[in-house]
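As provided, target34.cif (mmCIF, C-alpha atoms) reads as follows.
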data_target
loop_
_atom_site.group_PDB
_atom_site.id
_atom_site.type_symbol
_atom_site.label_atom_id
_atom_site.label_comp_id
_atom_site.auth_asym_id
_atom_site.auth_seq_id
_atom_site.Cartn_x
_atom_site.Cartn_y
_atom_site.Cartn_z
ATOM 1 C CA MET A 1320 18.531 0.654 -13.604
ATOM 2 C CA LYS A 1321 15.127 0.434 -15.274
ATOM 3 C CA ILE A 1322 12.359 1.001 -12.726
ATOM 4 C CA ALA A 1323 8.620 0.554 -13.202
ATOM 5 C CA ILE A 1324 5.880 1.862 -10.946
ATOM 6 C CA VAL A 1325 2.785 -0.249 -11.539
ATOM 7 C CA GLY A 1326 -0.299 1.778 -10.671
ATOM 8 C CA ILE A 1327 -0.041 5.567 -10.608
ATOM 9 C CA GLY A 1328 -2.727 6.213 -8.033
ATOM 10 C CA GLY A 1329 -2.098 8.028 -4.771
ATOM 11 C CA VAL A 1330 0.798 5.885 -3.559
ATOM 12 C CA GLY A 1331 2.338 5.124 -6.944
ATOM 13 C CA GLY A 1332 1.892 8.725 -8.009
ATOM 14 C CA TYR A 1333 3.710 10.091 -4.956
ATOM 15 C CA TYR A 1334 6.725 7.800 -5.060
ATOM 16 C CA GLY A 1335 6.789 7.632 -8.851
ATOM 17 C CA GLU A 1336 6.847 11.440 -8.999
ATOM 18 C CA LYS A 1337 9.778 11.577 -6.599
ATOM 19 C CA LEU A 1338 11.715 9.069 -8.699
ATOM 20 C CA ALA A 1339 10.883 10.809 -11.962
ATOM 21 C CA LEU A 1340 11.931 14.197 -10.593
ATOM 22 C CA LYS A 1341 15.325 12.815 -9.656
ATOM 23 C CA TYR A 1342 16.125 10.307 -12.373
ATOM 24 C CA ALA A 1343 13.940 10.546 -15.489
ATOM 25 C CA ALA A 1344 16.346 12.935 -17.199
ATOM 26 C CA SER A 1345 19.477 11.026 -16.142
ATOM 27 C CA ASN A 1346 21.470 8.536 -18.172
ATOM 28 C CA ASP A 1347 21.740 6.083 -15.287
ATOM 29 C CA HIS A 1348 18.105 5.243 -14.623
ATOM 30 C CA GLN A 1349 14.795 4.988 -16.465
ATOM 31 C CA ILE A 1350 11.549 5.649 -14.609
ATOM 32 C CA CYS A 1351 8.534 3.997 -16.200
ATOM 33 C CA PHE A 1352 4.891 4.549 -15.208
ATOM 34 C CA ILE A 1353 2.251 1.926 -15.894
ATOM 35 C CA ALA A 1354 -1.110 3.712 -15.836
ATOM 36 C CA ARG A 1355 -4.281 3.758 -17.885
ATOM 37 C CA GLY A 1356 -7.125 5.829 -19.286
ATOM 38 C CA GLU A 1357 -7.367 9.577 -19.031
ATOM 39 C CA HIS A 1358 -4.833 9.601 -16.209
ATOM 40 C CA LEU A 1359 -2.238 8.092 -18.554
ATOM 41 C CA ASP A 1360 -3.161 10.505 -21.347
ATOM 42 C CA LYS A 1361 -2.631 13.502 -19.067
ATOM 43 C CA ILE A 1362 0.705 12.191 -17.813
ATOM 44 C CA ARG A 1363 1.934 11.644 -21.364
ATOM 45 C CA LYS A 1364 0.885 15.144 -22.361
ATOM 46 C CA ASP A 1365 1.764 17.283 -19.331
ATOM 47 C CA GLY A 1366 3.654 15.044 -16.919
ATOM 48 C CA LEU A 1367 2.435 14.111 -13.453
ATOM 49 C CA LYS A 1368 1.697 16.903 -10.991
ATOM 50 C CA LEU A 1369 2.191 16.223 -7.296
ATOM 51 C CA ILE A 1370 0.753 18.505 -4.609
ATOM 52 C CA THR A 1371 2.462 17.964 -1.252
ATOM 53 C CA THR A 1372 2.888 19.643 2.104
ATOM 54 C CA GLU A 1373 6.389 20.563 0.899
ATOM 55 C CA GLY A 1374 5.211 22.227 -2.307
ATOM 56 C CA ASP A 1375 3.992 21.350 -5.793
ATOM 57 C CA PHE A 1376 6.060 19.465 -8.366
ATOM 58 C CA THR A 1377 5.617 18.248 -11.921
ATOM 59 C CA ALA A 1378 7.710 15.553 -13.559
ATOM 60 C CA MET A 1379 7.704 13.588 -16.787
ATOM 61 C CA PRO A 1380 8.643 9.899 -16.547
ATOM 62 C CA SER A 1381 11.040 8.308 -19.001
ATOM 63 C CA LEU A 1382 8.058 6.383 -20.358
ATOM 64 C CA ALA A 1383 4.371 6.142 -19.481
ATOM 65 C CA THR A 1384 2.344 3.265 -20.898
ATOM 66 C CA ASP A 1385 -0.485 0.824 -20.322
ATOM 67 C CA ASN A 1386 1.418 -1.902 -22.171
ATOM 68 C CA PRO A 1387 4.325 -3.479 -20.235
ATOM 69 C CA LYS A 1388 5.619 -5.063 -23.440
ATOM 70 C CA GLU A 1389 6.939 -1.612 -24.357
ATOM 71 C CA LEU A 1390 9.250 -1.607 -21.338
ATOM 72 C CA GLY A 1391 11.454 -4.640 -21.878
ATOM 73 C CA PRO A 1392 13.400 -6.173 -18.954
ATOM 74 C CA LEU A 1393 12.928 -4.360 -15.639
ATOM 75 C CA ASP A 1394 15.341 -4.201 -12.724
ATOM 76 C CA LEU A 1395 12.993 -2.847 -10.043
ATOM 77 C CA ILE A 1396 9.195 -3.012 -9.925
ATOM 78 C CA LEU A 1397 7.080 -1.180 -7.358
ATOM 79 C CA PHE A 1398 3.530 -2.541 -7.196
ATOM 80 C CA CYS A 1399 1.257 0.302 -6.072
ATOM 81 C CA VAL A 1400 -2.146 -1.110 -7.021
ATOM 82 C CA LYS A 1401 -5.107 -1.888 -4.782
ATOM 83 C CA GLY A 1402 -5.190 -5.299 -3.139
ATOM 84 C CA TYR A 1403 -7.848 -6.608 -5.517
ATOM 85 C CA GLY A 1404 -5.669 -5.672 -8.510
ATOM 86 C CA LEU A 1405 -2.392 -7.265 -7.452
ATOM 87 C CA ASP A 1406 -2.766 -10.649 -9.144
ATOM 88 C CA ASN A 1407 -3.657 -9.162 -12.519
ATOM 89 C CA ALA A 1408 -0.854 -6.607 -12.228
ATOM 90 C CA ALA A 1409 1.624 -9.376 -11.476
ATOM 91 C CA ARG A 1410 0.494 -11.463 -14.448
ATOM 92 C CA MET A 1411 0.775 -8.401 -16.667
ATOM 93 C CA ILE A 1412 4.424 -7.874 -15.749
ATOM 94 C CA THR A 1413 5.749 -11.458 -15.880
ATOM 95 C CA GLY A 1414 7.304 -10.938 -19.307
ATOM 96 C CA ASN A 1415 9.471 -8.109 -17.956
ATOM 97 C CA LEU A 1416 11.293 -10.129 -15.316
ATOM 98 C CA HIS A 1417 14.852 -11.375 -15.332
ATOM 99 C CA SER A 1418 16.751 -13.400 -12.732
ATOM 100 C CA ASN A 1419 17.778 -10.320 -10.713
ATOM 101 C CA THR A 1420 14.576 -8.267 -10.941
ATOM 102 C CA VAL A 1421 13.503 -6.953 -7.549
ATOM 103 C CA THR A 1422 9.783 -6.519 -6.904
ATOM 104 C CA ILE A 1423 8.337 -4.625 -3.936
ATOM 105 C CA PRO A 1424 4.600 -4.456 -3.183
ATOM 106 C CA LEU A 1425 3.602 -1.142 -1.599
ATOM 107 C CA LEU A 1426 -0.051 -1.838 -0.938
ATOM 108 C CA ASN A 1427 -2.401 -2.675 1.897
ATOM 109 C CA GLY A 1428 -2.526 -6.188 3.300
ATOM 110 C CA VAL A 1429 -0.071 -8.742 4.626
ATOM 111 C CA ASP A 1430 -0.246 -11.504 2.026
ATOM 112 C CA SER A 1431 1.184 -9.643 -0.977
ATOM 113 C CA VAL A 1432 4.483 -11.545 -0.999
ATOM 114 C CA GLU A 1433 2.693 -14.887 -0.851
ATOM 115 C CA ARG A 1434 0.462 -13.880 -3.744
ATOM 116 C CA LEU A 1435 3.354 -12.587 -5.844
ATOM 117 C CA LYS A 1436 5.382 -15.745 -5.289
ATOM 118 C CA ALA A 1437 2.503 -17.765 -6.706
ATOM 119 C CA ILE A 1438 2.692 -15.809 -9.971
ATOM 120 C CA LEU A 1439 6.214 -14.457 -10.442
ATOM 121 C CA ARG A 1440 8.772 -17.166 -11.188
ATOM 122 C CA GLN A 1441 11.900 -15.034 -11.501
ATOM 123 C CA GLY A 1442 13.718 -12.422 -9.498
ATOM 124 C CA ASN A 1443 13.596 -11.436 -5.839
ATOM 125 C CA ILE A 1444 10.337 -10.560 -4.105
ATOM 126 C CA LEU A 1445 10.636 -8.246 -1.110
ATOM 127 C CA ASN A 1446 7.905 -6.898 1.151
ATOM 128 C CA GLY A 1447 7.083 -3.257 1.743
ATOM 129 C CA CYS A 1448 4.680 -0.826 3.342
ATOM 130 C CA VAL A 1449 4.145 2.919 3.304
ATOM 131 C CA TYR A 1450 2.702 5.438 5.724
ATOM 132 C CA ILE A 1451 1.074 8.053 3.574
ATOM 133 C CA SER A 1452 -2.322 9.490 2.715
ATOM 134 C CA THR A 1453 -2.680 10.457 -0.944
ATOM 135 C CA ARG A 1454 -5.339 10.614 -3.629
ATOM 136 C CA ILE A 1455 -5.891 11.349 -7.290
ATOM 137 C CA VAL A 1456 -7.406 14.841 -7.455
ATOM 138 C CA ARG A 1457 -8.056 14.625 -11.172
ATOM 139 C CA PRO A 1458 -6.329 12.928 -14.119
ATOM 140 C CA GLY A 1459 -2.642 13.801 -14.029
ATOM 141 C CA VAL A 1460 -2.725 15.278 -10.505
ATOM 142 C CA ILE A 1461 -1.897 13.569 -7.188
ATOM 143 C CA GLN A 1462 -2.278 15.188 -3.762
ATOM 144 C CA GLN A 1463 -0.620 14.145 -0.532
ATOM 145 C CA THR A 1464 -3.069 14.818 2.302
ATOM 146 C CA GLY A 1465 -1.139 13.422 5.262
ATOM 147 C CA GLY A 1466 1.100 10.751 6.651
ATOM 148 C CA SER A 1467 4.813 10.581 7.415
ATOM 149 C CA CYS A 1468 5.566 9.375 3.852
ATOM 150 C CA ASN A 1469 7.879 6.699 5.253
ATOM 151 C CA LEU A 1470 8.550 3.706 3.017
ATOM 152 C CA LEU A 1471 9.758 0.472 4.622
ATOM 153 C CA PHE A 1472 10.961 -2.473 2.573
ATOM 154 C CA GLY A 1473 13.092 -5.553 2.862
ATOM 155 C CA PRO A 1474 13.274 -9.329 2.430
ATOM 156 C CA GLU A 1475 11.085 -11.471 4.656
ATOM 157 C CA SER A 1476 14.122 -13.670 5.270
ATOM 158 C CA GLY A 1477 17.823 -13.461 4.557
ATOM 159 C CA SER A 1478 20.249 -10.560 4.478
ATOM 160 C CA VAL A 1479 19.173 -7.015 3.673
ATOM 161 C CA GLU A 1480 22.617 -6.062 2.352
ATOM 162 C CA PRO A 1481 22.009 -6.991 -1.321
ATOM 163 C CA TYR A 1482 19.327 -4.276 -1.411
ATOM 164 C CA ARG A 1483 21.316 -1.318 -0.056
ATOM 165 C CA GLU A 1484 21.620 0.079 -3.566
ATOM 166 C CA ILE A 1485 17.837 0.340 -3.798
ATOM 167 C CA GLU A 1486 17.655 2.084 -0.431
ATOM 168 C CA THR A 1487 20.248 4.610 -1.589
ATOM 169 C CA LEU A 1488 18.433 5.140 -4.890
ATOM 170 C CA LEU A 1489 15.186 5.875 -3.052
ATOM 171 C CA LYS A 1490 16.772 8.144 -0.471
ATOM 172 C CA ASN A 1491 18.580 10.128 -3.161
ATOM 173 C CA ALA A 1492 15.153 10.810 -4.672
ATOM 174 C CA ASP A 1493 14.077 12.455 -1.392
ATOM 175 C CA ILE A 1494 12.040 9.423 -0.367
ATOM 176 C CA LYS A 1495 11.997 8.535 3.338
ATOM 177 C CA ALA A 1496 13.032 4.956 2.684
ATOM 178 C CA GLU A 1497 14.289 2.416 5.193
ATOM 179 C CA LEU A 1498 15.638 -1.032 4.408
ATOM 180 C CA SER A 1499 14.212 -3.060 7.278
ATOM 181 C CA GLU A 1500 15.428 -6.308 8.808
ATOM 182 C CA ASN A 1501 11.950 -6.759 10.349
ATOM 183 C CA ILE A 1502 9.683 -5.890 7.438
ATOM 184 C CA THR A 1503 7.102 -8.521 8.381
ATOM 185 C CA VAL A 1504 6.621 -6.883 11.776
ATOM 186 C CA GLY A 1505 6.371 -3.491 10.082
ATOM 187 C CA ALA A 1506 3.751 -4.703 7.608
ATOM 188 C CA TRP A 1507 1.652 -6.385 10.306
ATOM 189 C CA SER A 1508 1.915 -3.366 12.604
ATOM 190 C CA LYS A 1509 0.433 -1.209 9.875
ATOM 191 C CA TYR A 1510 -2.190 -3.845 9.066
ATOM 192 C CA LEU A 1511 -3.375 -4.007 12.673
ATOM 193 C CA PHE A 1512 -3.859 -0.239 12.530
ATOM 194 C CA VAL A 1513 -5.449 0.305 9.116
ATOM 195 C CA GLY A 1514 -7.573 -2.834 8.762
ATOM 196 C CA PRO A 1515 -9.861 -2.377 11.772
ATOM 197 C CA LEU A 1516 -10.137 1.347 11.037
ATOM 198 C CA ALA A 1517 -11.133 0.615 7.463
ATOM 199 C CA GLY A 1518 -13.794 -1.789 8.660
ATOM 200 C CA ILE A 1519 -15.361 0.292 11.413
ATOM 201 C CA THR A 1520 -15.333 3.611 9.528
ATOM 202 C CA SER A 1521 -16.926 1.943 6.519
ATOM 203 C CA LEU A 1522 -19.559 0.184 8.616
ATOM 204 C CA LEU A 1523 -20.544 3.199 10.717
ATOM 205 C CA GLU A 1524 -19.896 5.789 7.999
ATOM 206 C CA LYS A 1525 -18.053 7.961 10.499
ATOM 207 C CA PRO A 1526 -14.578 9.568 10.436
ATOM 208 C CA PHE A 1527 -11.712 8.750 12.800
ATOM 209 C CA GLY A 1528 -12.589 11.489 15.300
ATOM 210 C CA ALA A 1529 -16.183 10.333 15.689
ATOM 211 C CA ILE A 1530 -15.017 6.768 16.331
ATOM 212 C CA MET A 1531 -12.502 7.815 18.975
ATOM 213 C CA GLU A 1532 -14.857 10.119 20.896
ATOM 214 C CA ASN A 1533 -17.548 7.433 21.255
ATOM 215 C CA ARG A 1534 -16.710 4.914 23.979
ATOM 216 C CA GLU A 1535 -18.638 2.054 22.386
ATOM 217 C CA HIS A 1536 -17.119 2.618 18.958
ATOM 218 C CA LYS A 1537 -13.608 3.017 20.334
ATOM 219 C CA THR A 1538 -13.994 -0.224 22.288
ATOM 220 C CA MET A 1539 -15.154 -1.979 19.143
ATOM 221 C CA LEU A 1540 -12.086 -0.694 17.292
ATOM 222 C CA GLU A 1541 -9.827 -1.908 20.081
ATOM 223 C CA GLU A 1542 -11.438 -5.357 20.097
ATOM 224 C CA MET A 1543 -10.985 -5.618 16.319
ATOM 225 C CA MET A 1544 -7.292 -4.827 16.763
ATOM 226 C CA LYS A 1545 -7.104 -7.598 19.361
ATOM 227 C CA GLU A 1546 -8.542 -10.045 16.813
ATOM 228 C CA VAL A 1547 -5.815 -9.082 14.327
ATOM 229 C CA LYS A 1548 -3.139 -9.494 17.000
ATOM 230 C CA LEU A 1549 -4.407 -12.984 17.803
ATOM 231 C CA ILE A 1550 -3.899 -13.908 14.146
ATOM 232 C CA ALA A 1551 -0.425 -12.364 14.146
ATOM 233 C CA ASP A 1552 0.490 -14.205 17.346
ATOM 234 C CA GLU A 1553 -0.646 -17.498 15.848
ATOM 235 C CA LYS A 1554 1.516 -16.861 12.790
ATOM 236 C CA GLY A 1555 4.524 -16.110 14.981
ATOM 237 C CA ILE A 1556 4.705 -12.411 14.119
ATOM 238 C CA PRO A 1557 6.368 -10.715 17.151
ATOM 239 C CA LEU A 1558 4.348 -7.517 17.311
ATOM 240 C CA PRO A 1559 5.175 -5.121 20.164
ATOM 241 C CA GLU A 1560 3.210 -5.894 23.321
ATOM 242 C CA ASN A 1561 1.781 -2.370 23.352
ATOM 243 C CA ILE A 1562 0.917 -2.310 19.633
ATOM 244 C CA ILE A 1563 -2.801 -1.792 20.276
ATOM 245 C CA GLU A 1564 -2.235 1.133 22.636
ATOM 246 C CA GLN A 1565 0.186 2.642 20.129
ATOM 247 C CA SER A 1566 -2.298 2.221 17.282
ATOM 248 C CA LEU A 1567 -5.129 3.851 19.222
ATOM 249 C CA GLU A 1568 -2.882 6.765 20.122
ATOM 250 C CA VAL A 1569 -1.902 7.247 16.476
ATOM 251 C CA THR A 1570 -5.576 7.190 15.506
ATOM 252 C CA SER A 1571 -6.409 9.876 18.035
ATOM 253 C CA ASN A 1572 -3.767 12.168 16.512
ATOM 254 C CA PHE A 1573 -5.372 12.220 13.059
ATOM 255 C CA PRO A 1574 -7.591 15.163 12.103
ATOM 256 C CA TYR A 1575 -11.181 14.582 13.287
ATOM 257 C CA GLU A 1576 -12.658 14.311 9.784
ATOM 258 C CA THR A 1577 -10.120 11.769 8.459
ATOM 259 C CA LYS A 1578 -11.731 8.905 6.566
ATOM 260 C CA SER A 1579 -10.244 5.543 5.621
ATOM 261 C CA SER A 1580 -9.589 4.764 1.986
ATOM 262 C CA MET A 1581 -12.097 1.905 2.077
ATOM 263 C CA GLN A 1582 -14.746 4.189 3.542
ATOM 264 C CA LEU A 1583 -14.193 6.610 0.676
ATOM 265 C CA ASP A 1584 -14.428 3.775 -1.847
ATOM 266 C CA PHE A 1585 -17.774 2.690 -0.386
ATOM 267 C CA GLU A 1586 -19.033 6.261 -0.472
ATOM 268 C CA LYS A 1587 -18.095 6.623 -4.131
ATOM 269 C CA GLY A 1588 -19.463 3.227 -5.147
ATOM 270 C CA ARG A 1589 -16.060 1.907 -6.199
ATOM 271 C CA GLU A 1590 -14.548 -1.515 -5.758
ATOM 272 C CA THR A 1591 -13.194 -1.870 -2.230
ATOM 273 C CA GLU A 1592 -10.454 -3.710 -0.364
ATOM 274 C CA LEU A 1593 -12.943 -5.536 1.852
ATOM 275 C CA GLU A 1594 -11.197 -8.868 1.268
ATOM 276 C CA THR A 1595 -7.786 -7.338 2.003
ATOM 277 C CA PHE A 1596 -8.764 -5.713 5.291
ATOM 278 C CA ILE A 1597 -11.526 -7.931 6.670
ATOM 279 C CA GLY A 1598 -11.797 -11.101 4.606
ATOM 280 C CA TYR A 1599 -8.165 -12.078 5.152
ATOM 281 C CA VAL A 1600 -8.545 -11.928 8.946
ATOM 282 C CA ILE A 1601 -11.629 -14.137 8.798
ATOM 283 C CA LYS A 1602 -9.927 -16.615 6.458
ATOM 284 C CA SER A 1603 -6.828 -16.808 8.667
ATOM 285 C CA GLY A 1604 -8.963 -17.220 11.769
ATOM 286 C CA LYS A 1605 -10.837 -20.149 10.270
ATOM 287 C CA GLU A 1606 -7.580 -21.800 9.223
ATOM 288 C CA SER A 1607 -6.136 -21.538 12.729
ATOM 289 C CA GLY A 1608 -9.272 -21.979 14.816
ATOM 290 C CA ILE A 1609 -9.292 -18.386 16.065
ATOM 291 C CA LYS A 1610 -12.673 -16.690 16.403
ATOM 292 C CA THR A 1611 -13.046 -13.235 14.842
ATOM 293 C CA PRO A 1612 -16.649 -12.252 15.646
ATOM 294 C CA LEU A 1613 -16.304 -8.528 14.986
ATOM 295 C CA HIS A 1614 -14.619 -9.053 11.635
ATOM 296 C CA ASP A 1615 -17.331 -11.604 10.805
ATOM 297 C CA LYS A 1616 -20.070 -9.087 11.637
ATOM 298 C CA ILE A 1617 -18.523 -6.239 9.658
ATOM 299 C CA TYR A 1618 -17.754 -8.438 6.670
ATOM 300 C CA SER A 1619 -21.312 -9.740 6.546
ATOM 301 C CA GLU A 1620 -22.840 -6.277 6.650
ATOM 302 C CA LEU A 1621 -20.409 -4.625 4.234
ATOM 303 C CA LYS A 1622 -20.605 -7.514 1.789
ATOM 304 C CA THR A 1623 -24.359 -6.984 1.594
ATOM 305 C CA ARG A 1624 -23.914 -3.253 1.155
ATOM 306 C CA LYS A 1625 -21.318 -3.837 -1.536
ATOM 307 C CA GLY A 1626 -23.632 -6.100 -3.452
#
Output the file's structure as structure tokens, nothing else.
Amino acid sequence: MKIAIVGIGGVGGYYGEKLALKYAASNDHQICFIARGEHLDKIRKDGLKLITTEGDFTAMPSLATDNPKELGPLDLILFCVKGYGLDNAARMITGNLHSNTVTIPLLNGVDSVERLKAILRQGNILNGCVYISTRIVRPGVIQQTGGSCNLLFGPESGSVEPYREIETLLKNADIKAELSENITVGAWSKYLFVGPLAGITSLLEKPFGAIMENREHKTMLEEMMKEVKLIADEKGIPLPENIIEQSLEVTSNFPYETKSSMQLDFEKGRETELETFIGYVIKSGKESGIKTPLHDKIYSELKTRKG
């Protein structure tokens, strides 16, 4: 099987490293990294180093490139880019598809499958989500800073059985993978958790612990989660009844100084996933007649700050 990881940032670097460690030297599978710039140069020269809570590892992929034309037909594609980069990444890879190619987006947001279906005309598009905190320390080096590292994936409809081979492949690479029959619920459960946190931490410029210890800020976070659940309910996504309580409890268990990825992007002046986390909720609310006043407020203020 020829496997490509598109985007070797924190998420792509972690799971790509695991796959390369297991399979890059085998005759059965090829592990291909699509990266760019100095990061790509370092990987080509020294391999990719991964610093984890389990130890440090270095692996060399079968091929690392910024040109998908070098890869030929691909059997499995993991999209690990930021939300704002998904469409371009999908267009870049269209020439590598065949009728049985499986693509799995492992990025924030809940509309990735819809967006991929609008671009990719061949193969099978699954959904996926991961629970991990990772970052690029420097070119060629990825660090895992937290999270369970669980990877959920599966089709949004139809049988999961055709994809058992992929689950086994991932598990054999020491990846905590689960082929889910309810991947849409899994993706929305994560979205309800990370989206409001991304918005409120970016707006207030405070870490998780500071949000949770302030009654007003915690209430605001809870109300934002309620807005997301209203959207999910309208779309027929059967989230657990206690999903908000669960999400707040998970938040309270993070280290005090934890920051959201979008907050860090704002701090560093980088492009952010504002549309993924906040804009999508507003857009969906307008389409269904659901009011999202807190998302509206945060979007308005962060959009000004961004510009």
**OP:** Run the PyMOL selection byres ((chain A and resi 1599) around 10) mentally over the shown coordinates, then write out the matched residues as a PyMOL selection string, using the chain letters and numbers from the document.
**Re:** chain A and resi 1428-1430+1514+1547+1593-1598+1600-1605+1614
Subject >> For Lys1341 in chain A: contacts at 7 Å, all atoms listed in the file, fewer than 3 positions along chain excluded, given as a ChimeraX atom specification >> reply: /A:1337-1338,1492
**OP:** Give me the residues within 8 Å of range 1373-1377 of chain A as a PyMOL selection string, counting all atoms listed in the file and dropping any in the same chain fewer than 6 places off.
**Re:** chain A and resi 1336+1340+1366-1367
Original post:
Which is closest to Gly1555 in chain A among A:Gln1462, A:Ser1521, A:Ser1431, A:Thr1503, if we use all atoms listed in the file?
Top reply: A:Thr1503
Original post:
Quick one: of A:Leu1369, A:Ala1383, A:Leu1426, A:Val1330, who's nearest to Gln1349 in chain A, counting all atoms listed in the file?
Top reply: A:Ala1383
Original post:
Can you list what the PyMOL selection byres ((chain A and resi 1454) around 12) grabs from this structure, as number ranges by chain?
Top reply: A: 1327-1333, 1368-1371, 1451-1453, 1455-1465, 1579-1580, 1583-1584
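Restricting the calculation to only C-alpha atoms, the smallest distance between Leu1382 in chain A and any of A:Leu1470, A:Ile1485, A:Ile1350, A:Ile1562 is found for A:Ile1350.
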